[in-house]
Amino acid sequence: MGRAAVIHKAAADLRVPPNLSDYDATCGGFSWSEMAAQLPSPPGGGCNIAWSAVDRHADGPLKDRPALRFLGSGDPAGPIPVTEFSYAELADRAGRFTRVLRDLGIGKGDRLFVFADRIPELYIAVLGALRNGTVVTPLFSAFGPEPLATRLGLGSAQVLVTTEALYHRRVAAVRDRVPTLGHVLLVGDGEERTDVPGTLDLRSLLDAAEPAAPTPTTADDPALLHFTSGTTGTPKGALHVHGAVVTHYATGTYALDLHPDDIFWCTADPGWVTGTSYGIIAPLLHGVTSVVDEAEFEADRWYRILQDQQVSVWYTAPTAIRMLMRAGPEVAQRHRFPNLRFIASVGEPLAPDAVWWGTDVLGLPIHDNWWQTETGGIMIANTPAFDIKPGSMGRPLPGVEAHIVRRDEDGGVHEVTDADSEGELALRAGWPSMFRGYLNQDERYRKCFAGDLYLTGDLAKRDADGYFWFVGRADDVIKSAGHLIGPFEVESALAEHPAVLEAAVIGVPDEILGEKVKAFVVLERGIEPDDALRRKLIGHARVRLGAAVAPKELEFVDSLPHTRSGKTLRRLLKARELGLAEGDTSTLESPEVTR
Ligand code: AMP
């Protein structure tokens, strides 16, 4: 039986009155300056993300409320170990980290990277560095040495916070490639102090430090540097400022519908922008308790967390939902979720069956929303009181102006006003969390704008009711398990292998991952393709790049298609792979855009 095209909802039917009940009135009367005025400023003025997230709660009524609740890996059969930090404790630890940095001579505008699993020190370091005006980059701990070294180098990292295990496995071998890296702060694997030459033991430094007051920062001071991928060249470092906090707060209000008593769980890793904006900042701004799972996905564990931690608002991703769907409803049925009242998802297309799966299995539909590293926060969303059209990303949030445009030959764009017509999704510049540059790549940044419209690189449609529908990417980047992967980075790692003459990488559909990375490889003359070599090359890529980024499939080919100027025609490879006529690449993404 077909399911309805719309899930009708009314504010009056919801368990908690939604923060956004009258969409048109709120959008009509919205101003970012009024929203900014709702967030208190640090004493002495200015703006600082970490001050708003923790310091301001540390002496107030929320001081004893759990701010972060870490769930340890523990014994899979036993209870999940819990470590909590109240707002006052978190402010104290972040203040100590600020002091540690200052004592090392690290200050405003300097660069700190964190390369760690979701352990408390990651969160303390991010907050403590932001308090110090130091620009922070959390990196995904599954990255292999290559993506790690590339990003540390591009970002001129001065300080790295990592764990003893990751240091030995991935960092030590590439440390010499980052001449700016003056300090490595290690979190020991055991209880004892670490004693690794050339590093400092972070826990003992924190224990000995007196909390330091925040450094004054303004809304325009750089705060976070998140790397993202494009079709060509090295990863792009998208720079965000402290003023982004206003978007984090507003979207926590409208898109995630955070209320004071919520227990919130964002499943994203801070190595991706979602895990920073919504896994660290937004819930703390709202003074709610935020759950952090230190372990990796496991269906029964996730349901146990939703149930036992009494999660009320859950922010997750399509790949995770697909994995839960595959585990079967009986795993969910062993649990009850009476506290759960709102579920949102981001990062990849959310198919209608996944929206309905939420209704069937968890008792609530999943609310898709859309944004990207460059936007710093949620831009388009299904909020609690909207009717949902399963398959749609929802409508632009208050303060966000979204358009569908097509690029003109002269470099400008024109708007597509007809309903249901495809074009590139563009946003009117002016929201506070808009990225302020790609690090050291001004031209690339400039090319993202046509006048004051920011061109997102995504293709989409708007329907007659103002709902936006995702169509595809306008470039060659790959979205696998929610991770944006630049083909160039993977191709370069493969091409380093002595057997490889040339490689091209595309995303091919995958039931669970959305897309999986597939490589086409031309071998050096005289080298014979066979299964052992295929496995060896995949293994080589996994060691270099990490399992999340390396190709899952590899095919040997005699040659790769190129343009006359020498660019690899990945779109043609994709057309062949998807069984489309080779001349007909029209259903693939538009060929002229490379970002
Ligand atoms: P990232 O910068 O890694 O967060 O990736 C952003 C990209 O993920 C977007 O430009 C989209 O291509 C994709 N994306 C994010 N949210 C959605 C969504 N709700 N539906 C479809 N694609 C999405």
# chains A, B, ... in the order shown; residues from 1 in each chain; ligands from 1
>>> residues_around(residues="Asp353 of chain A", least_positions_apart="3", cutoff="8 Å", atoms="only C-alpha atoms", output="PyMOL selection string")
chain A and resi 356-357+390
>>> residues_near_ligand(ligand="ligand 1", cutoff="6 Å", atoms="only C-alpha atoms and all ligand atoms", output="compact mmCIF listing (two decimals) with C-alpha atoms, in the first residue's frame")
# COMPACT_ATOMS: atom_id res chain seq x y z
CA THR A 228 35.69 19.86 3.58
CA VAL A 346 21.10 15.35 8.25
CA GLY A 347 23.96 14.72 5.89
CA GLU A 348 22.54 12.74 2.99
CA PRO A 349 19.21 12.26 1.28
CA ASP A 368 15.20 15.70 7.49
CA ASN A 369 17.25 18.87 7.45
CA TRP A 370 19.90 20.27 5.18
CA TRP A 371 23.13 22.21 5.60
CA GLN A 372 26.85 21.87 4.90
CA THR A 373 30.24 22.70 6.35
CA MET A 393 14.45 18.56 3.21
CA ASP A 458 23.93 21.16 -4.49
CA PHE A 470 17.49 17.46 -2.93
CA ARG A 473 25.61 17.29 -6.16
CA HIS A 483 31.20 11.78 5.02
CA LEU A 484 32.11 14.10 2.21
>>> select_by_dssp(residues="segment 248-370 of chain A", states="strand (DSSP E)", output="MDAnalysis selection string")
chainID A and resid 263:266 289:293 313:316 342:346 366:370
>>> select_by_dssp(residues="segment 233-332 of chain A", states="alpha helix (DSSP H)", output="PyMOL selection string")
chain A and resi 245-254+273-276+282-285+299-308+318-327+329-332
>>> residues_around(residues="His183 of chain A", least_positions_apart="2", cutoff="8 Å", atoms="only C-alpha atoms", output="PDB file with N, CA, C and O atoms, in the first residue's frame")
ATOM      1  N   GLN A 158      49.585  24.413  15.241  1.00  0.00           N
ATOM      2  CA  GLN A 158      50.631  24.703  16.225  1.00  0.00           C
ATOM      3  C   GLN A 158      50.548  23.769  17.430  1.00  0.00           C
ATOM      4  O   GLN A 158      51.540  23.485  18.074  1.00  0.00           O
ATOM      5  N   VAL A 159      49.311  23.357  17.736  1.00  0.00           N
ATOM      6  CA  VAL A 159      49.110  22.440  18.865  1.00  0.00           C
ATOM      7  C   VAL A 159      48.231  21.295  18.389  1.00  0.00           C
ATOM      8  O   VAL A 159      47.263  21.525  17.661  1.00  0.00           O
ATOM      9  N   LEU A 160      48.559  20.088  18.829  1.00  0.00           N
ATOM     10  CA  LEU A 160      47.704  18.936  18.528  1.00  0.00           C
ATOM     11  C   LEU A 160      47.361  18.235  19.832  1.00  0.00           C
ATOM     12  O   LEU A 160      48.252  17.933  20.629  1.00  0.00           O
ATOM     13  N   LEU A 181      54.138  22.525  13.972  1.00  0.00           N
ATOM     14  CA  LEU A 181      53.558  21.858  15.143  1.00  0.00           C
ATOM     15  C   LEU A 181      54.543  21.877  16.316  1.00  0.00           C
ATOM     16  O   LEU A 181      55.465  21.063  16.389  1.00  0.00           O
ATOM     17  N   LEU A 185      49.830  17.438  22.825  1.00  0.00           N
ATOM     18  CA  LEU A 185      49.300  17.148  24.160  1.00  0.00           C
ATOM     19  C   LEU A 185      48.612  15.790  24.105  1.00  0.00           C
ATOM     20  O   LEU A 185      47.659  15.602  23.346  1.00  0.00           O
ATOM     21  N   GLY A 198      58.819  14.142  23.322  1.00  0.00           N
ATOM     22  CA  GLY A 198      58.301  15.155  22.377  1.00  0.00           C
ATOM     23  C   GLY A 198      56.830  15.480  22.581  1.00  0.00           C
ATOM     24  O   GLY A 198      56.241  16.195  21.768  1.00  0.00           O
ATOM     25  N   THR A 199      56.226  14.946  23.654  1.00  0.00           N
ATOM     26  CA  THR A 199      54.818  15.253  23.922  1.00  0.00           C
ATOM     27  C   THR A 199      54.653  15.633  25.392  1.00  0.00           C
ATOM     28  O   THR A 199      55.534  15.413  26.203  1.00  0.00           O
ATOM     29  N   LEU A 200      53.479  16.197  25.708  1.00  0.00           N
ATOM     30  CA  LEU A 200      53.165  16.539  27.096  1.00  0.00           C
ATOM     31  C   LEU A 200      51.941  15.751  27.525  1.00  0.00           C
ATOM     32  O   LEU A 200      51.056  15.475  26.702  1.00  0.00           O
TER      33      LEU A 200
END
>>> closest_residue(among="A:Ala460, A:Leu20, A:Leu350, A:Ala129", to="Val405 of chain A", atoms="only C-alpha atoms")
A:Ala460
>>> residues_around(residues="Ile321 of chain A", least_positions_apart="3", cutoff="12 Å", atoms="only C-alpha atoms", output="JSON, numbers by chain")
{"A": [267, 297, 298, 299, 302, 303, 314, 315, 316, 317, 318, 324, 325, 326, 327, 328, 329, 332, 343, 344, 345, 346, 347, 348, 349, 350, 351, 352, 353, 354, 355, 356, 357, 358, 361, 362, 365, 366, 367, 368, 481, 482, 511, 512, 513, 514]}
>>> decode(residues="segment 202-300 of chain A", atoms="C-alpha atoms", output="PDB file, in the first residue's frame")
ATOM      1  CA  LEU A 202      47.462  16.546  29.042  1.00  0.00           C
ATOM      2  CA  ARG A 203      45.694  15.142  32.098  1.00  0.00           C
ATOM      3  CA  SER A 204      48.444  16.102  34.510  1.00  0.00           C
ATOM      4  CA  LEU A 205      48.675  19.565  32.956  1.00  0.00           C
ATOM      5  CA  LEU A 206      44.917  20.007  33.456  1.00  0.00           C
ATOM      6  CA  ASP A 207      45.073  18.767  37.041  1.00  0.00           C
ATOM      7  CA  ALA A 208      47.805  21.253  37.882  1.00  0.00           C
ATOM      8  CA  ALA A 209      46.305  24.276  36.080  1.00  0.00           C
ATOM      9  CA  GLU A 210      44.286  27.127  37.613  1.00  0.00           C
ATOM     10  CA  PRO A 211      41.303  28.014  35.400  1.00  0.00           C
ATOM     11  CA  ALA A 212      41.986  31.104  33.277  1.00  0.00           C
ATOM     12  CA  ALA A 213      39.447  33.767  32.296  1.00  0.00           C
ATOM     13  CA  PRO A 214      38.444  33.877  28.618  1.00  0.00           C
ATOM     14  CA  THR A 215      40.378  36.048  26.192  1.00  0.00           C
ATOM     15  CA  PRO A 216      38.168  38.838  24.800  1.00  0.00           C
ATOM     16  CA  THR A 217      36.957  37.969  21.295  1.00  0.00           C
ATOM     17  CA  THR A 218      34.496  39.606  18.917  1.00  0.00           C
ATOM     18  CA  ALA A 219      31.844  38.140  16.626  1.00  0.00           C
ATOM     19  CA  ASP A 220      34.265  38.496  13.701  1.00  0.00           C
ATOM     20  CA  ASP A 221      37.192  36.672  15.274  1.00  0.00           C
ATOM     21  CA  PRO A 222      37.953  33.248  13.759  1.00  0.00           C
ATOM     22  CA  ALA A 223      36.843  30.345  15.916  1.00  0.00           C
ATOM     23  CA  LEU A 224      36.633  27.080  13.984  1.00  0.00           C
ATOM     24  CA  LEU A 225      38.298  25.666  10.919  1.00  0.00           C
ATOM     25  CA  HIS A 226      36.500  22.705   9.349  1.00  0.00           C
ATOM     26  CA  PHE A 227      37.955  20.881   6.392  1.00  0.00           C
ATOM     27  CA  THR A 228      35.686  19.856   3.577  1.00  0.00           C
ATOM     28  CA  SER A 229      36.320  18.400   0.141  1.00  0.00           C
ATOM     29  CA  GLY A 230      35.889  19.623  -3.402  1.00  0.00           C
ATOM     30  CA  THR A 231      36.230  17.955  -6.775  1.00  0.00           C
ATOM     31  CA  THR A 232      39.783  19.071  -7.325  1.00  0.00           C
ATOM     32  CA  GLY A 233      42.841  19.937  -5.312  1.00  0.00           C
ATOM     33  CA  THR A 234      43.482  19.709  -1.606  1.00  0.00           C
ATOM     34  CA  PRO A 235      40.743  19.815   1.050  1.00  0.00           C
ATOM     35  CA  LYS A 236      39.276  23.239   1.739  1.00  0.00           C
ATOM     36  CA  GLY A 237      39.521  24.738   5.209  1.00  0.00           C
ATOM     37  CA  ALA A 238      36.234  26.555   5.833  1.00  0.00           C
ATOM     38  CA  LEU A 239      36.788  29.263   8.407  1.00  0.00           C
ATOM     39  CA  HIS A 240      34.016  30.152  10.866  1.00  0.00           C
ATOM     40  CA  VAL A 241      33.829  33.017  13.351  1.00  0.00           C
ATOM     41  CA  HIS A 242      32.604  33.321  16.945  1.00  0.00           C
ATOM     42  CA  GLY A 243      29.492  35.167  15.710  1.00  0.00           C
ATOM     43  CA  ALA A 244      28.295  31.795  14.304  1.00  0.00           C
ATOM     44  CA  VAL A 245      27.024  31.118  17.812  1.00  0.00           C
ATOM     45  CA  VAL A 246      23.848  33.044  16.972  1.00  0.00           C
ATOM     46  CA  THR A 247      22.985  30.540  14.228  1.00  0.00           C
ATOM     47  CA  HIS A 248      23.799  27.628  16.537  1.00  0.00           C
ATOM     48  CA  TYR A 249      21.422  29.075  19.087  1.00  0.00           C
ATOM     49  CA  ALA A 250      18.648  29.909  16.610  1.00  0.00           C
ATOM     50  CA  THR A 251      18.750  26.529  14.908  1.00  0.00           C
ATOM     51  CA  GLY A 252      18.844  24.744  18.264  1.00  0.00           C
ATOM     52  CA  THR A 253      15.640  26.653  18.967  1.00  0.00           C
ATOM     53  CA  TYR A 254      13.792  26.263  15.670  1.00  0.00           C
ATOM     54  CA  ALA A 255      15.152  23.179  13.911  1.00  0.00           C
ATOM     55  CA  LEU A 256      15.984  20.945  16.900  1.00  0.00           C
ATOM     56  CA  ASP A 257      13.271  22.455  19.100  1.00  0.00           C
ATOM     57  CA  LEU A 258      15.439  22.305  22.223  1.00  0.00           C
ATOM     58  CA  HIS A 259      13.599  22.956  25.483  1.00  0.00           C
ATOM     59  CA  PRO A 260      15.206  23.384  28.917  1.00  0.00           C
ATOM     60  CA  ASP A 261      14.564  19.847  30.197  1.00  0.00           C
ATOM     61  CA  ASP A 262      15.701  18.012  27.093  1.00  0.00           C
ATOM     62  CA  ILE A 263      18.194  15.192  26.983  1.00  0.00           C
ATOM     63  CA  PHE A 264      19.742  15.549  23.568  1.00  0.00           C
ATOM     64  CA  TRP A 265      21.810  13.082  21.581  1.00  0.00           C
ATOM     65  CA  CYS A 266      23.667  14.091  18.412  1.00  0.00           C
ATOM     66  CA  THR A 267      25.298  10.983  16.994  1.00  0.00           C
ATOM     67  CA  ALA A 268      27.779  12.831  14.738  1.00  0.00           C
ATOM     68  CA  ASP A 269      31.503  12.887  15.433  1.00  0.00           C
ATOM     69  CA  PRO A 270      32.973  16.382  16.035  1.00  0.00           C
ATOM     70  CA  GLY A 271      35.407  15.628  13.204  1.00  0.00           C
ATOM     71  CA  TRP A 272      32.473  16.565  10.963  1.00  0.00           C
ATOM     72  CA  VAL A 273      30.810  19.924  11.309  1.00  0.00           C
ATOM     73  CA  THR A 274      27.545  18.451  12.645  1.00  0.00           C
ATOM     74  CA  GLY A 275      29.367  16.958  15.601  1.00  0.00           C
ATOM     75  CA  THR A 276      30.794  20.367  16.520  1.00  0.00           C
ATOM     76  CA  SER A 277      27.853  22.687  15.838  1.00  0.00           C
ATOM     77  CA  TYR A 278      25.294  20.261  17.307  1.00  0.00           C
ATOM     78  CA  GLY A 279      27.366  17.701  19.209  1.00  0.00           C
ATOM     79  CA  ILE A 280      29.105  20.414  21.259  1.00  0.00           C
ATOM     80  CA  ILE A 281      27.861  23.965  20.839  1.00  0.00           C
ATOM     81  CA  ALA A 282      24.067  24.167  20.322  1.00  0.00           C
ATOM     82  CA  PRO A 283      22.959  21.889  23.198  1.00  0.00           C
ATOM     83  CA  LEU A 284      25.271  23.659  25.657  1.00  0.00           C
ATOM     84  CA  LEU A 285      23.975  27.048  24.533  1.00  0.00           C
ATOM     85  CA  HIS A 286      20.508  25.807  25.415  1.00  0.00           C
ATOM     86  CA  GLY A 287      21.606  24.454  28.775  1.00  0.00           C
ATOM     87  CA  VAL A 288      20.362  20.936  28.056  1.00  0.00           C
ATOM     88  CA  THR A 289      22.098  17.646  28.845  1.00  0.00           C
ATOM     89  CA  SER A 290      23.944  16.292  25.837  1.00  0.00           C
ATOM     90  CA  VAL A 291      24.749  12.599  25.477  1.00  0.00           C
ATOM     91  CA  VAL A 292      28.038  11.585  23.843  1.00  0.00           C
ATOM     92  CA  ASP A 293      28.547   7.961  22.897  1.00  0.00           C
ATOM     93  CA  GLU A 294      32.222   7.096  22.847  1.00  0.00           C
ATOM     94  CA  ALA A 295      31.593   3.756  21.109  1.00  0.00           C
ATOM     95  CA  GLU A 296      30.858   3.008  17.475  1.00  0.00           C
ATOM     96  CA  PHE A 297      27.450   2.122  16.050  1.00  0.00           C
ATOM     97  CA  GLU A 298      25.722  -1.015  17.274  1.00  0.00           C
ATOM     98  CA  ALA A 299      21.968  -1.262  16.813  1.00  0.00           C
ATOM     99  CA  ASP A 300      21.006  -2.700  20.192  1.00  0.00           C
TER     100      ASP A 300
END
